[in-house]
Amino acid sequence: MSNLLKVLLLSMFSFYMISLMSCGSEEQEGPMISDDFSLIGKWYFQHVEVDAVIGGLPQSETDETPEGFIEFFEDGTGFSEFLVDAAGFSYGKDENIEWERAGSVVTIVEEDGDIDTWNILIADNQNITAEWAISFGALNQGTITANLSK
């Protein structure tokens with residue numbers, strides 16, 4: 001075999017191997033929710049991040065020790081009792097709720113008439129990561145991203 005043919009074969013083999021290595025699995029887009037996921041049950045807040053604009057200034061803070069839970073009953077009702085301290089504010093709920101889930105979106109209607117719309121990002125039967133918009137005060141708005149577990 002000539003040297004030119006050997007170099008050509010080696011080049012083709014190298015190109016083939018590099019092509020195989022670059023073909024990894026595609027990242028999944030959208031929410032990652034296990035097929036057997038059920039929202040029913042008592043979920044405890046574990047970690048909360050708040051990204052907000054407060055008084056016109058962007059802020060990001062984390063509450064590593066949030067208190068409380070939210071409980072979803074099979075009949076579409078439930079109860080929330082939690083307190084989050086972040087971005088210089090305390091945000092909490094202590095009231096009955098009504099809820100409805102459609103895929104990765106959970107609409108929560110609170111006893112006081114407020115409505116929260118959760119977007120589930122990741123969920124299995126032991127853990128949830130969800131985010132929802134919040135307003136506190138006329139000029140202060142943000143997004144909560146919460147990790148909850150049973």
# chains A, B, ... in the order shown; residues from 1 in each chain; ligands from 1

$ select_by_dssp --residues "segment 81-128 of chain A" --states "strand (DSSP E)" --output "compact mmCIF listing (two decimals) with C-alpha atoms, in the first residue's frame"
# COMPACT_ATOMS: atom_id res chain seq x y z
CA GLU A 81 -48.29 27.86 54.22
CA PHE A 82 -44.84 29.21 53.44
CA LEU A 83 -42.50 32.16 53.97
CA VAL A 84 -39.60 33.19 51.74
CA ASP A 85 -37.12 35.94 52.62
CA ALA A 86 -35.27 37.33 49.62
CA PHE A 89 -38.84 41.30 51.24
CA SER A 90 -40.74 38.53 52.97
CA TYR A 91 -43.14 36.74 50.67
CA GLY A 92 -45.52 34.21 52.11
CA LYS A 93 -48.92 32.61 51.98
CA ASP A 94 -51.13 30.99 54.58
CA GLU A 95 -54.42 30.13 52.94
CA ASN A 96 -56.66 27.66 51.15
CA ILE A 97 -56.16 27.27 47.42
CA GLU A 98 -57.86 25.83 44.37
CA TRP A 99 -55.62 24.48 41.65
CA GLU A 100 -55.63 23.01 38.17
CA ARG A 101 -52.81 21.42 36.22
CA ALA A 102 -52.52 21.33 32.43
CA VAL A 105 -48.64 24.68 33.95
CA VAL A 106 -50.32 24.80 37.36
CA THR A 107 -52.85 27.56 38.01
CA ILE A 108 -53.32 28.30 41.70
CA VAL A 109 -56.25 30.46 42.80
CA GLU A 110 -55.75 31.66 46.34
CA ILE A 115 -53.73 33.85 41.03
CA ASP A 116 -50.28 32.30 40.65
CA THR A 117 -49.35 30.45 37.48
CA TRP A 118 -46.54 27.97 38.06
CA ASN A 119 -44.44 26.72 35.18
CA ILE A 120 -43.02 23.34 36.13
CA LEU A 121 -39.46 23.05 34.83
CA ILE A 122 -38.48 19.68 36.31
CA ALA A 123 -40.63 17.19 38.19
CA ASN A 127 -39.02 16.80 43.58
CA ILE A 128 -40.35 19.79 41.70

$ closest_residue --among "A:Asp63, A:Gly30, A:Gln126, A:Gly56" --to "Tyr44 of chain A" --atoms "only C-alpha atoms"
A:Gln126

$ residues_around --residues "Gly55 of chain A" --least-positions-apart "4" --cutoff "10 Å" --atoms "only C-alpha atoms" --output "list in words"
Gln59, Gly137, Ala138, Leu139, Asn140 and Gln141 of chain A

$ closest_residue --among "A:Glu111, A:Glu64, A:Asp36, A:Asp51" --to "Ser80 of chain A" --atoms "only C-alpha atoms"
A:Glu111

$ residues_around --residues "Asn147 of chain A" --least-positions-apart "4" --cutoff "6 Å" --atoms "only C-alpha atoms" --output "number ranges by chain"
A: 46-47, 128-129

$ atom_distance --atom1 "atom CA of Ile144 of chain A" --atom2 "atom CA of Val48 of chain A"
6.8 Å

$ atom_distance --atom1 "atom CA of Thr62 of chain A" --atom2 "atom CA of Val50 of chain A"
6.2 Å

$ decode --residues "segment 86-110 of chain A" --atoms "N, CA and C atoms" --output "JSON list (two decimals), in the first residue's frame"
[["chain", "number", "residue", "atom", "x", "y", "z"],
["A", 86, "ALA", "N", -36.27, 37.07, 50.66],
["A", 86, "ALA", "CA", -35.27, 37.33, 49.62],
["A", 86, "ALA", "C", -35.53, 38.70, 49.02],
["A", 87, "ALA", "N", -34.50, 39.27, 48.47],
["A", 87, "ALA", "CA", -34.56, 40.57, 47.81],
["A", 87, "ALA", "C", -35.09, 41.65, 48.74],
["A", 88, "GLY", "N", -34.84, 41.49, 50.04],
["A", 88, "GLY", "CA", -35.25, 42.49, 51.01],
["A", 88, "GLY", "C", -36.72, 42.44, 51.39],
["A", 89, "PHE", "N", -37.43, 41.43, 50.94],
["A", 89, "PHE", "CA", -38.84, 41.30, 51.24],
["A", 89, "PHE", "C", -39.13, 39.91, 51.78],
["A", 90, "SER", "N", -40.20, 39.83, 52.57],
["A", 90, "SER", "CA", -40.74, 38.53, 52.97],
["A", 90, "SER", "C", -41.96, 38.29, 52.11],
["A", 91, "TYR", "N", -42.02, 37.11, 51.52],
["A", 91, "TYR", "CA", -43.14, 36.74, 50.67],
["A", 91, "TYR", "C", -43.69, 35.43, 51.20],
["A", 92, "GLY", "N", -44.96, 35.43, 51.55],
["A", 92, "GLY", "CA", -45.52, 34.21, 52.11],
["A", 92, "GLY", "C", -47.00, 34.09, 51.87],
["A", 93, "LYS", "N", -47.50, 32.92, 52.12],
["A", 93, "LYS", "CA", -48.92, 32.61, 51.98],
["A", 93, "LYS", "C", -49.32, 31.71, 53.13],
["A", 94, "ASP", "N", -50.56, 31.84, 53.53],
["A", 94, "ASP", "CA", -51.13, 30.99, 54.58],
["A", 94, "ASP", "C", -52.63, 30.94, 54.30],
["A", 95, "GLU", "N", -53.02, 30.12, 53.33],
["A", 95, "GLU", "CA", -54.42, 30.13, 52.94],
["A", 95, "GLU", "C", -54.81, 28.90, 52.12],
["A", 96, "ASN", "N", -56.12, 28.72, 52.00],
["A", 96, "ASN", "CA", -56.66, 27.66, 51.15],
["A", 96, "ASN", "C", -56.46, 28.05, 49.69],
["A", 97, "ILE", "N", -56.34, 27.04, 48.85],
["A", 97, "ILE", "CA", -56.16, 27.27, 47.42],
["A", 97, "ILE", "C", -57.07, 26.34, 46.62],
["A", 98, "GLU", "N", -57.30, 26.71, 45.38],
["A", 98, "GLU", "CA", -57.86, 25.83, 44.37],
["A", 98, "GLU", "C", -56.83, 25.78, 43.26],
["A", 99, "TRP", "N", -56.67, 24.62, 42.66],
["A", 99, "TRP", "CA", -55.62, 24.48, 41.65],
["A", 99, "TRP", "C", -56.07, 23.62, 40.49],
["A", 100, "GLU", "N", -55.38, 23.81, 39.37],
["A", 100, "GLU", "CA", -55.63, 23.01, 38.17],
["A", 100, "GLU", "C", -54.31, 22.87, 37.43],
["A", 101, "ARG", "N", -54.05, 21.67, 36.96],
["A", 101, "ARG", "CA", -52.81, 21.42, 36.22],
["A", 101, "ARG", "C", -53.13, 21.04, 34.78],
["A", 102, "ALA", "N", -52.42, 21.67, 33.85],
["A", 102, "ALA", "CA", -52.52, 21.33, 32.43],
["A", 102, "ALA", "C", -51.09, 21.18, 31.92],
["A", 103, "GLY", "N", -50.62, 19.94, 31.87],
["A", 103, "GLY", "CA", -49.24, 19.68, 31.44],
["A", 103, "GLY", "C", -48.24, 20.24, 32.44],
["A", 104, "SER", "N", -47.45, 21.20, 31.99],
["A", 104, "SER", "CA", -46.42, 21.76, 32.86],
["A", 104, "SER", "C", -46.86, 23.06, 33.54],
["A", 105, "VAL", "N", -48.13, 23.44, 33.37],
["A", 105, "VAL", "CA", -48.64, 24.68, 33.95],
["A", 105, "VAL", "C", -49.64, 24.35, 35.06],
["A", 106, "VAL", "N", -49.41, 24.96, 36.23],
["A", 106, "VAL", "CA", -50.32, 24.80, 37.36],
["A", 106, "VAL", "C", -50.87, 26.18, 37.70],
["A", 107, "THR", "N", -52.20, 26.31, 37.65],
["A", 107, "THR", "CA", -52.85, 27.56, 38.01],
["A", 107, "THR", "C", -53.37, 27.42, 39.43],
["A", 108, "ILE", "N", -52.94, 28.33, 40.29],
["A", 108, "ILE", "CA", -53.32, 28.30, 41.70],
["A", 108, "ILE", "C", -54.13, 29.56, 42.01],
["A", 109, "VAL", "N", -55.39, 29.35, 42.41],
["A", 109, "VAL", "CA", -56.25, 30.46, 42.80],
["A", 109, "VAL", "C", -56.30, 30.46, 44.32],
["A", 110, "GLU", "N", -55.85, 31.56, 44.89],
["A", 110, "GLU", "CA", -55.75, 31.66, 46.34],
["A", 110, "GLU", "C", -57.05, 32.19, 46.93]]
